[in-house]
Amino acid sequence: MTSRDTILASLRQNRPPAPEAVRPPSDYGITYPDKQARLAEALLPAGGELIPCSRAELAERVRAAWPEAKKIFAPSLPELHNVPMPEAGIDPKIYDNLDLCLIEGRFAVAENAAVWIPHEDGKHRSAPFLATNLALIVPDGQILDNMHQAMARIAASPLPEAGAFIAGPSKTADIEQCLVIGAHGPCMMRLFLVK
Amino acid sequence: MGHAEAATKFNLDAERTGWHDKALWFVRAKRDKAAASIPEWEQLRTLAEGIKAETLNRLPELLEQFEAACTRNGVKVHFAVDAKEHNAIVLGLLQKAGAKKVVKSKSMLTEECGLNPVLYKNNIEVVDTDLGERIVQLRHEPPSHIVLPAIHTKREEIAELFAKELGTDPANADPTYLTRAARGDIRKRFLEADAGITGVNFAIAETGGIVICTNEGNADLGTSLPKLHIACMGLEKFLPKLEDLGVFTRLLARSATGQNITTYTSLFHKPRPGAEMHIVIVDNGRSAMMGREEYRKSLGCIRCGACMNTCPVYRRSGGHSYGSVIPGPIGSVLSPGMDPAAHSSLPFASTLCGSCTDVCPVKINLHEQLLAWRGDLAKAGHVHIAKRLALKAASKVLSNTTLYRIAAKALRLTPGVLMRNKTLNPWERSRDLPPVPPKTFRQLWKERKPQS
Ligand code: SF4
């Protein structure tokens, strides 16, 4: 018998009785009268900052936020993007030491400030994690209340190859519980909410 | 060495014991605040408990469904009945790919299986990339907590360690300075790695997805740079549907550290183009545990660590005193299931106060399971004769009114010097017992009760 069959047989033999199935109703979970205000509030303890602006002024606002940034990955803002374009077969390591990575998120979640970033065909999976600074862009109409709504939305879309919820810059508190912003990923993160 | 002996050693350093206690209580307090901010918190716990119960009942089918979905997604699934087979599979995959350098993000399962020593022996370099895990790896010791692996170390000790290992200034114990030094060193290793090994927080049966939660971004770097990703998971990690993540992502970080969510909650369905992704599903005693009605609920554990942070025994005895991969209340119910003889002292490392059960996000009845283990271990002859006799005597006295009254009187007649003696009465060692009230409850009751 293969290990697979051994395990399955053991699980079948030890199967506990069926409990009553529980699932939250479709409109379940906390909601916020002012989603944007809650998003800004939740982003603070996560170490990020919310910047509302218009699409037209986005490039300018990003530049102003990081005037020192040289190597910039921003496929959706060609006026800022100045490293090789992400394309199939590209070596993910070339994005090491990016000063700034700018990525378009699908939506943000008000309860916890997480932004959903689906990684499409693996082209830029490494950039948002290698960059020193991270700018996430979300349309201002795309704020959901909570994670139930977020997962329902992902489940209803085509299955992503991979993706990540990102809430703030990378961080750690592994040394005496002292919060240090900037662990292995970005040391600073700003969320641009665009009109 | 049993837990009590190891804990006694830990307690020799009273200052450190107090410091450790406070550090964990701080995390516990943050959890309370986060939980209180969600009006439906208790409902969420009930939902999580229910979804995990459904998962256990449907596990064989969920496993098959998951495997089929993974195959569709181009991900290879492997099965290991025990730790040895798990290690052999991982080693085989690495060797086949010619991988010499591996970066690993947090995985309690690979700790349980003892993967690192096997890889070292085969000349494969493994770097634990979570900062806490890296600290304990460089110190050549196991993690002392499942979420905060280096919670037992002080910043000065880390400064000394990094000075030796990374060439930092030994006098600089600033956490930001030390974290940046580790970042620089580990970034190089990410870029050089031939393979990335990760744990799994949740596996989604319906879609074949796995979810990894970190704050540092180490799992994301470890999976987006090398061409080989091996994810290792216990077979209890399943959730039936993608939507179920709504419930669990709301509970995990709030219970663990008081954050609303971890910085990264990463979902993986397919390998990157040109890369390989493998998932190793491990039994190692879990399916047998499922057959034990009084203990199976422990398989619902999502490894948040809340039960440790709140446990008065864990906080004052340190994770290493448990001598098991997973310490604290959940470790004390899981470990005897794996090896009753080796871990027979653990279910006694509890006051049975029930605080663990109260904070557990999936409502595992931890304190009841600890009590059940005490009985089972005693029946199986794993409990020391002195403890057995003492408990027998206590049960006699407490269940017999006359004996109880005599004992209460005797306690009042015991001279204070004996009661307060720190050698004869271990309870007095780090605290003062309150004075015994001069009258018993029964006497007070008699005096107050209007005679009818
Ligand atoms: S037993 Fe409950 S509280 Fe303890 S680590 Fe597991 S999920 Fe968290």
# chains A, B, ... in the order shown; residues from 1 in each chain; ligands from 1
$ residues_around --residues "Leu58 of chain A" --least-positions-apart "4" --cutoff "10 Å" --atoms "only C-alpha atoms" --output "PyMOL selection string"
chain A and resi 51-54+62-64+77+137+192-195
$ write_last_selection --atoms "all heavy atoms" --output "CSV table (one decimal), in the first residue's frame"
chain,number,residue,atom,x,y,z
A,51,ILE,N,-2.9,57.6,1.4
A,51,ILE,CA,-2.9,58.9,0.7
A,51,ILE,C,-4.0,58.9,-0.4
A,51,ILE,O,-3.8,58.3,-1.4
A,51,ILE,CB,-1.5,59.1,0.1
A,51,ILE,CG1,-0.4,59.1,1.2
A,51,ILE,CG2,-1.5,60.5,-0.7
A,51,ILE,CD1,1.0,59.3,0.7
A,52,PRO,N,-5.1,59.7,-0.1
A,52,PRO,CA,-6.1,59.8,-1.2
A,52,PRO,C,-5.6,60.8,-2.2
A,52,PRO,O,-5.1,61.8,-1.9
A,52,PRO,CB,-7.3,60.3,-0.4
A,52,PRO,CG,-6.9,60.4,1.0
A,52,PRO,CD,-5.5,60.4,1.1
A,53,CYS,N,-5.8,60.5,-3.5
A,53,CYS,CA,-5.4,61.4,-4.6
A,53,CYS,C,-6.2,61.0,-5.9
A,53,CYS,O,-6.8,60.0,-5.9
A,53,CYS,CB,-3.9,61.5,-4.8
A,53,CYS,SG,-3.2,60.0,-5.5
A,54,SER,N,-6.0,61.9,-6.9
A,54,SER,CA,-6.7,61.6,-8.1
A,54,SER,C,-5.7,60.8,-9.0
A,54,SER,O,-4.5,60.8,-8.8
A,54,SER,CB,-7.1,62.8,-8.9
A,54,SER,OG,-5.9,63.5,-9.3
A,62,VAL,N,3.4,60.1,-5.9
A,62,VAL,CA,4.3,59.0,-5.6
A,62,VAL,C,5.8,59.6,-5.6
A,62,VAL,O,6.5,59.3,-4.7
A,62,VAL,CB,4.2,57.9,-6.6
A,62,VAL,CG1,5.3,56.9,-6.5
A,62,VAL,CG2,2.8,57.2,-6.5
A,63,ARG,N,6.1,60.4,-6.6
A,63,ARG,CA,7.4,61.0,-6.7
A,63,ARG,C,7.7,61.8,-5.4
A,63,ARG,O,8.8,61.7,-4.8
A,63,ARG,CB,7.5,61.9,-7.9
A,63,ARG,CG,8.2,61.3,-9.1
A,63,ARG,CD,9.7,61.8,-9.1
A,63,ARG,NE,10.5,60.8,-9.7
A,63,ARG,CZ,11.3,60.0,-9.0
A,63,ARG,NH1,11.4,60.0,-7.7
A,63,ARG,NH2,12.1,59.1,-9.6
A,64,ALA,N,6.7,62.6,-5.0
A,64,ALA,CA,6.9,63.5,-3.9
A,64,ALA,C,7.0,62.6,-2.6
A,64,ALA,O,7.7,63.0,-1.7
A,64,ALA,CB,5.7,64.4,-3.7
A,77,LEU,N,2.7,52.8,-14.4
A,77,LEU,CA,3.0,54.2,-14.5
A,77,LEU,C,4.3,54.4,-15.3
A,77,LEU,O,5.4,54.5,-14.7
A,77,LEU,CB,3.2,54.9,-13.1
A,77,LEU,CG,1.9,55.2,-12.3
A,77,LEU,CD1,2.3,56.0,-11.1
A,77,LEU,CD2,1.0,56.1,-13.2
A,137,ILE,N,-1.7,50.8,-5.0
A,137,ILE,CA,-2.7,51.7,-5.6
A,137,ILE,C,-4.0,50.9,-5.6
A,137,ILE,O,-4.1,49.8,-6.0
A,137,ILE,CB,-2.4,52.0,-7.1
A,137,ILE,CG1,-0.9,52.3,-7.3
A,137,ILE,CG2,-3.3,53.1,-7.6
A,137,ILE,CD1,-0.4,53.4,-6.6
A,192,PHE,N,-2.1,54.4,-1.9
A,192,PHE,CA,-2.7,55.5,-2.6
A,192,PHE,C,-4.1,55.1,-3.0
A,192,PHE,O,-4.3,54.1,-3.8
A,192,PHE,CB,-1.9,55.9,-3.8
A,192,PHE,CG,-0.5,56.4,-3.5
A,192,PHE,CD1,0.6,55.5,-3.2
A,192,PHE,CD2,-0.3,57.8,-3.3
A,192,PHE,CE1,1.8,56.0,-2.8
A,192,PHE,CE2,1.0,58.3,-3.0
A,192,PHE,CZ,2.0,57.4,-2.7
A,193,LEU,N,-5.1,55.8,-2.5
A,193,LEU,CA,-6.5,55.6,-2.8
A,193,LEU,C,-6.9,56.5,-3.9
A,193,LEU,O,-7.0,57.7,-3.7
A,193,LEU,CB,-7.3,55.8,-1.5
A,193,LEU,CG,-8.6,55.1,-1.4
A,193,LEU,CD1,-8.4,53.6,-1.5
A,193,LEU,CD2,-9.3,55.5,-0.1
A,194,VAL,N,-7.0,56.0,-5.1
A,194,VAL,CA,-7.2,56.9,-6.2
A,194,VAL,C,-8.7,57.1,-6.7
A,194,VAL,O,-9.5,56.2,-6.7
A,194,VAL,CB,-6.4,56.5,-7.5
A,194,VAL,CG1,-4.9,56.7,-7.2
A,194,VAL,CG2,-6.7,55.1,-7.9
A,195,LYS,N,-9.0,58.3,-7.0
A,195,LYS,CA,-10.4,58.7,-7.5
A,195,LYS,C,-10.4,58.5,-9.0
A,195,LYS,O,-9.5,58.7,-9.7
A,195,LYS,CB,-10.7,60.2,-7.2
A,195,LYS,CG,-11.4,60.3,-5.8
A,195,LYS,CD,-12.0,61.7,-5.7
A,195,LYS,CE,-11.0,62.7,-5.1
A,195,LYS,NZ,-10.5,62.5,-3.8
$ residues_near_ligand --ligand "ligand 1" --cutoff "8 Å" --atoms "only C-alpha atoms and all ligand atoms" --output "ChimeraX atom specification"
/B:146,252,255-256,298,300-308,328-330,356-357,359-364,366
$ select_by_dssp --residues "segment 105-154 of chain A" --states "strand (DSSP E or B)" --output "list in words"
Phe107, Ala108, Val109, Val115, Trp116, Ile117, Pro118, His119, Asn133, Leu134, Ala135, Leu136, Ile137, Val138, Pro139, Ile143 and Leu144 of chain A
$ residues_around --residues "Ala163 of chain B" --least-positions-apart "6" --cutoff "12 Å" --atoms "only C-alpha atoms" --output "VMD selection string"
chain B and resid 138 156 to 157 169 to 173 177 to 178 181 to 182
$ write_last_selection --atoms "N, CA and C atoms" --output "short mmCIF file (atom, residue, chain, number, x, y, z; two decimals), in the first residue's frame"
data_model
loop_
_atom_site.label_atom_id
_atom_site.label_comp_id
_atom_site.auth_asym_id
_atom_site.auth_seq_id
_atom_site.Cartn_x
_atom_site.Cartn_y
_atom_site.Cartn_z
N LEU B 138 21.00 29.99 15.09
CA LEU B 138 22.39 30.35 15.35
C LEU B 138 22.80 29.99 16.78
N GLU B 156 20.57 41.77 24.55
CA GLU B 156 22.02 41.76 24.75
C GLU B 156 22.62 40.43 24.27
N GLU B 157 21.87 39.36 24.51
CA GLU B 157 22.34 38.04 24.07
C GLU B 157 22.36 37.97 22.54
N ASP B 169 28.36 45.23 15.88
CA ASP B 169 28.98 45.81 17.07
C ASP B 169 28.40 45.15 18.32
N PRO B 170 29.23 44.46 19.12
CA PRO B 170 28.69 43.72 20.28
C PRO B 170 28.03 44.64 21.30
N ALA B 171 28.39 45.91 21.28
CA ALA B 171 27.84 46.83 22.28
C ALA B 171 26.49 47.41 21.84
N ASN B 172 26.13 47.17 20.59
CA ASN B 172 24.88 47.74 20.09
C ASN B 172 23.76 46.69 20.11
N ALA B 173 22.82 46.85 21.04
CA ALA B 173 21.73 45.89 21.18
C ALA B 173 20.41 46.50 20.72
N TYR B 177 18.80 48.02 14.69
CA TYR B 177 20.15 47.76 14.19
C TYR B 177 20.37 46.26 13.95
N LEU B 178 19.95 45.46 14.92
CA LEU B 178 20.16 44.01 14.82
C LEU B 178 19.29 43.41 13.71
N ALA B 181 20.78 44.13 10.35
CA ALA B 181 21.96 43.28 10.09
C ALA B 181 21.51 41.91 9.59
N ALA B 182 20.50 41.36 10.25
CA ALA B 182 20.00 40.04 9.84
C ALA B 182 19.39 40.14 8.44
#
$ residues_around --residues "Ile166 of chain A" --least-positions-apart "2" --cutoff "10 Å" --atoms "only C-alpha atoms" --output "PyMOL selection string"
(chain A and resi 46+105+108+112-117+128+136+163-164+168-170+189) or (chain B and resi 215+217+261-266)
$ atom_distance --atom1 "atom CA of Lys188 of chain B" --atom2 "atom CA of Asp91 of chain A"
15.6 Å
$ select_by_dssp --residues "segment 105-148 of chain A" --states "alpha helix (DSSP H)" --output "list of chain:residue names"
A:Ala127, A:Pro128, A:Phe129, A:Leu130, A:Met147, A:His148
$ write_last_selection --atoms "N, CA and C atoms" --output "PDB file, in the first residue's frame"
ATOM      1  N   ALA A 127       8.961  41.393  -7.089  1.00  0.00           N
ATOM      2  CA  ALA A 127       9.213  42.835  -6.945  1.00  0.00           C
ATOM      3  C   ALA A 127       8.649  43.452  -5.646  1.00  0.00           C
ATOM      4  N   PRO A 128       7.384  43.192  -5.295  1.00  0.00           N
ATOM      5  CA  PRO A 128       6.851  43.851  -4.100  1.00  0.00           C
ATOM      6  C   PRO A 128       7.531  43.410  -2.805  1.00  0.00           C
ATOM      7  N   PHE A 129       8.254  42.307  -2.854  1.00  0.00           N
ATOM      8  CA  PHE A 129       8.906  41.813  -1.641  1.00  0.00           C
ATOM      9  C   PHE A 129      10.372  42.229  -1.576  1.00  0.00           C
ATOM     10  N   LEU A 130      10.975  42.443  -2.745  1.00  0.00           N
ATOM     11  CA  LEU A 130      12.393  42.824  -2.777  1.00  0.00           C
ATOM     12  C   LEU A 130      12.606  44.326  -2.600  1.00  0.00           C
ATOM     13  N   MET A 147     -13.018  40.530   5.828  1.00  0.00           N
ATOM     14  CA  MET A 147     -12.395  39.419   5.114  1.00  0.00           C
ATOM     15  C   MET A 147     -13.408  38.434   4.521  1.00  0.00           C
ATOM     16  N   HIS A 148     -14.625  38.415   5.062  1.00  0.00           N
ATOM     17  CA  HIS A 148     -15.631  37.528   4.454  1.00  0.00           C
ATOM     18  C   HIS A 148     -15.959  38.026   3.053  1.00  0.00           C
TER      19      HIS A 148
END
$ closest_residue --among "A:Ser3, A:Ser10, A:Ser26, A:Gln177" --to "Ala150 of chain A" --atoms "only C-alpha atoms"
A:Ser26
$ atom_distance --atom1 "atom CA of Asn133 of chain A" --atom2 "atom CA of Leu100 of chain A"
4.7 Å
$ closest_residue --among "B:Gly318, B:Pro39, B:Gly375, B:Pro312" --to "chain A" --atoms "only C-alpha atoms"
B:Pro39
$ closest_residue --among "A:Lys71, A:His81, A:His184, A:Arg61" --to "chain B" --atoms "only C-alpha atoms"
A:His184
$ residues_around --residues "segment 406-420 of chain B" --least-positions-apart "2" --cutoff "9 Å" --atoms "only C-alpha atoms" --output "ChimeraX atom specification"
/B:397,401-404,422-425,428-429,432-433,435-440
$ write_last_selection --atoms "N, CA and C atoms" --output "compact mmCIF listing (two decimals), in the first residue's frame"
# COMPACT_ATOMS: atom_id res chain seq x y z
N VAL B 397 -9.33 12.53 51.05
CA VAL B 397 -9.63 13.60 52.01
C VAL B 397 -10.75 14.50 51.50
N THR B 401 -16.19 13.88 54.26
CA THR B 401 -16.43 15.06 55.10
C THR B 401 -15.62 15.03 56.40
N THR B 402 -15.62 13.90 57.07
CA THR B 402 -14.92 13.83 58.36
C THR B 402 -13.42 14.05 58.17
N LEU B 403 -12.88 13.35 57.18
CA LEU B 403 -11.44 13.51 56.94
C LEU B 403 -11.10 14.95 56.57
N TYR B 404 -11.99 15.56 55.77
CA TYR B 404 -11.75 16.93 55.33
C TYR B 404 -11.71 17.86 56.53
N LYS B 422 10.51 27.59 53.31
CA LYS B 422 10.63 27.57 51.85
C LYS B 422 11.14 26.22 51.32
N THR B 423 11.73 25.44 52.18
CA THR B 423 12.20 24.13 51.71
C THR B 423 11.07 23.11 51.82
N LEU B 424 10.37 23.15 52.97
CA LEU B 424 9.32 22.15 53.18
C LEU B 424 8.09 22.44 52.32
N ASN B 425 7.82 23.70 52.08
CA ASN B 425 6.63 24.05 51.32
C ASN B 425 7.01 24.83 50.06
N GLU B 428 5.72 28.26 48.91
CA GLU B 428 6.14 29.49 49.57
C GLU B 428 7.38 30.11 48.93
N ARG B 429 7.99 29.38 47.98
CA ARG B 429 9.29 29.82 47.50
C ARG B 429 9.26 31.21 46.87
N ASP B 432 3.99 34.47 49.22
CA ASP B 432 3.57 34.21 50.59
C ASP B 432 2.13 33.71 50.58
N LEU B 433 1.91 32.57 51.19
CA LEU B 433 0.55 32.09 51.31
C LEU B 433 -0.22 33.06 52.20
N PRO B 435 -2.57 34.17 55.22
CA PRO B 435 -2.75 33.48 56.50
C PRO B 435 -4.02 32.64 56.47
N VAL B 436 -4.00 31.51 57.14
CA VAL B 436 -5.19 30.67 57.20
C VAL B 436 -6.21 31.39 58.08
N PRO B 437 -7.44 31.60 57.58
CA PRO B 437 -8.43 32.29 58.42
C PRO B 437 -8.67 31.48 59.71
N PRO B 438 -8.88 32.16 60.84
CA PRO B 438 -9.00 31.43 62.11
C PRO B 438 -10.19 30.48 62.14
N LYS B 439 -11.25 30.84 61.42
CA LYS B 439 -12.43 29.96 61.46
C LYS B 439 -12.72 29.39 60.08
N THR B 440 -13.27 28.21 60.04
CA THR B 440 -13.63 27.62 58.75
C THR B 440 -14.94 28.22 58.28
$ closest_residue --among "B:Ala349, B:Leu12, B:Ala97, B:Ala275" --to "chain A" --atoms "only C-alpha atoms"
B:Ala275
$ closest_residue --among "A:Ala37, A:Ala131, A:Val138, A:Ala74" --to "chain B" --atoms "only C-alpha atoms"
A:Ala131
$ closest_residue --among "B:Leu444, B:Ala6, B:Leu239, B:Ala99" --to "Gln65 of chain B" --atoms "only C-alpha atoms"
B:Leu239
$ decode --residues "segment 48-68 of chain A" --atoms "N, CA, C and O atoms" --output "compact mmCIF listing (two decimals), in the first residue's frame"
# COMPACT_ATOMS: atom_id res chain seq x y z
N GLY A 48 1.57 51.51 7.90
CA GLY A 48 1.42 52.16 6.59
C GLY A 48 0.74 53.50 6.69
O GLY A 48 0.39 53.96 7.78
N GLU A 49 0.55 54.13 5.53
CA GLU A 49 -0.06 55.45 5.52
C GLU A 49 -0.98 55.53 4.31
O GLU A 49 -0.64 55.05 3.22
N LEU A 50 -2.16 56.13 4.49
CA LEU A 50 -3.13 56.24 3.41
C LEU A 50 -3.03 57.61 2.77
O LEU A 50 -3.05 58.63 3.46
N ILE A 51 -2.93 57.64 1.42
CA ILE A 51 -2.88 58.91 0.72
C ILE A 51 -3.97 58.93 -0.36
O ILE A 51 -3.83 58.26 -1.39
N PRO A 52 -5.07 59.67 -0.14
CA PRO A 52 -6.08 59.78 -1.19
C PRO A 52 -5.62 60.78 -2.25
O PRO A 52 -5.05 61.82 -1.90
N CYS A 53 -5.81 60.47 -3.52
CA CYS A 53 -5.44 61.42 -4.57
C CYS A 53 -6.17 61.04 -5.86
O CYS A 53 -6.82 60.01 -5.93
N SER A 54 -6.02 61.88 -6.88
CA SER A 54 -6.68 61.56 -8.14
C SER A 54 -5.71 60.78 -9.03
O SER A 54 -4.50 60.83 -8.82
N ARG A 55 -6.23 60.05 -10.01
CA ARG A 55 -5.41 59.30 -10.97
C ARG A 55 -4.40 60.24 -11.63
O ARG A 55 -3.23 59.91 -11.80
N ALA A 56 -4.88 61.43 -12.00
CA ALA A 56 -4.04 62.36 -12.75
C ALA A 56 -2.81 62.80 -11.95
O ALA A 56 -1.73 62.97 -12.50
N GLU A 57 -2.98 62.96 -10.65
CA GLU A 57 -1.85 63.44 -9.86
C GLU A 57 -1.04 62.30 -9.23
O GLU A 57 -0.09 62.55 -8.48
N LEU A 58 -1.41 61.04 -9.54
CA LEU A 58 -0.78 59.90 -8.87
C LEU A 58 0.75 59.89 -9.00
O LEU A 58 1.47 59.81 -8.00
N ALA A 59 1.24 59.99 -10.25
CA ALA A 59 2.69 59.89 -10.47
C ALA A 59 3.42 60.97 -9.67
O ALA A 59 4.44 60.69 -9.02
N GLU A 60 2.86 62.14 -9.70
CA GLU A 60 3.46 63.27 -8.99
C GLU A 60 3.48 63.02 -7.47
O GLU A 60 4.49 63.26 -6.80
N ARG A 61 2.35 62.48 -6.94
CA ARG A 61 2.27 62.22 -5.50
C ARG A 61 3.24 61.12 -5.08
O ARG A 61 3.85 61.18 -4.02
N VAL A 62 3.39 60.12 -5.93
CA VAL A 62 4.33 59.03 -5.62
C VAL A 62 5.76 59.57 -5.61
O VAL A 62 6.53 59.30 -4.69
N ARG A 63 6.08 60.36 -6.60
CA ARG A 63 7.41 60.98 -6.68
C ARG A 63 7.70 61.81 -5.43
O ARG A 63 8.77 61.72 -4.83
N ALA A 64 6.69 62.59 -5.04
CA ALA A 64 6.86 63.46 -3.87
C ALA A 64 7.04 62.63 -2.59
O ALA A 64 7.75 63.03 -1.67
N ALA A 65 6.39 61.48 -2.57
CA ALA A 65 6.49 60.64 -1.37
C ALA A 65 7.88 60.02 -1.24
O ALA A 65 8.36 59.78 -0.14
N TRP A 66 8.52 59.75 -2.39
CA TRP A 66 9.87 59.16 -2.35
C TRP A 66 10.80 59.92 -3.30
O TRP A 66 11.18 59.40 -4.35
N PRO A 67 11.17 61.12 -2.95
CA PRO A 67 11.98 61.92 -3.89
C PRO A 67 13.34 61.29 -4.17
O PRO A 67 13.93 61.54 -5.22
N GLU A 68 13.84 60.46 -3.26
CA GLU A 68 15.18 59.89 -3.43
C GLU A 68 15.20 58.63 -4.31
O GLU A 68 16.28 58.20 -4.71
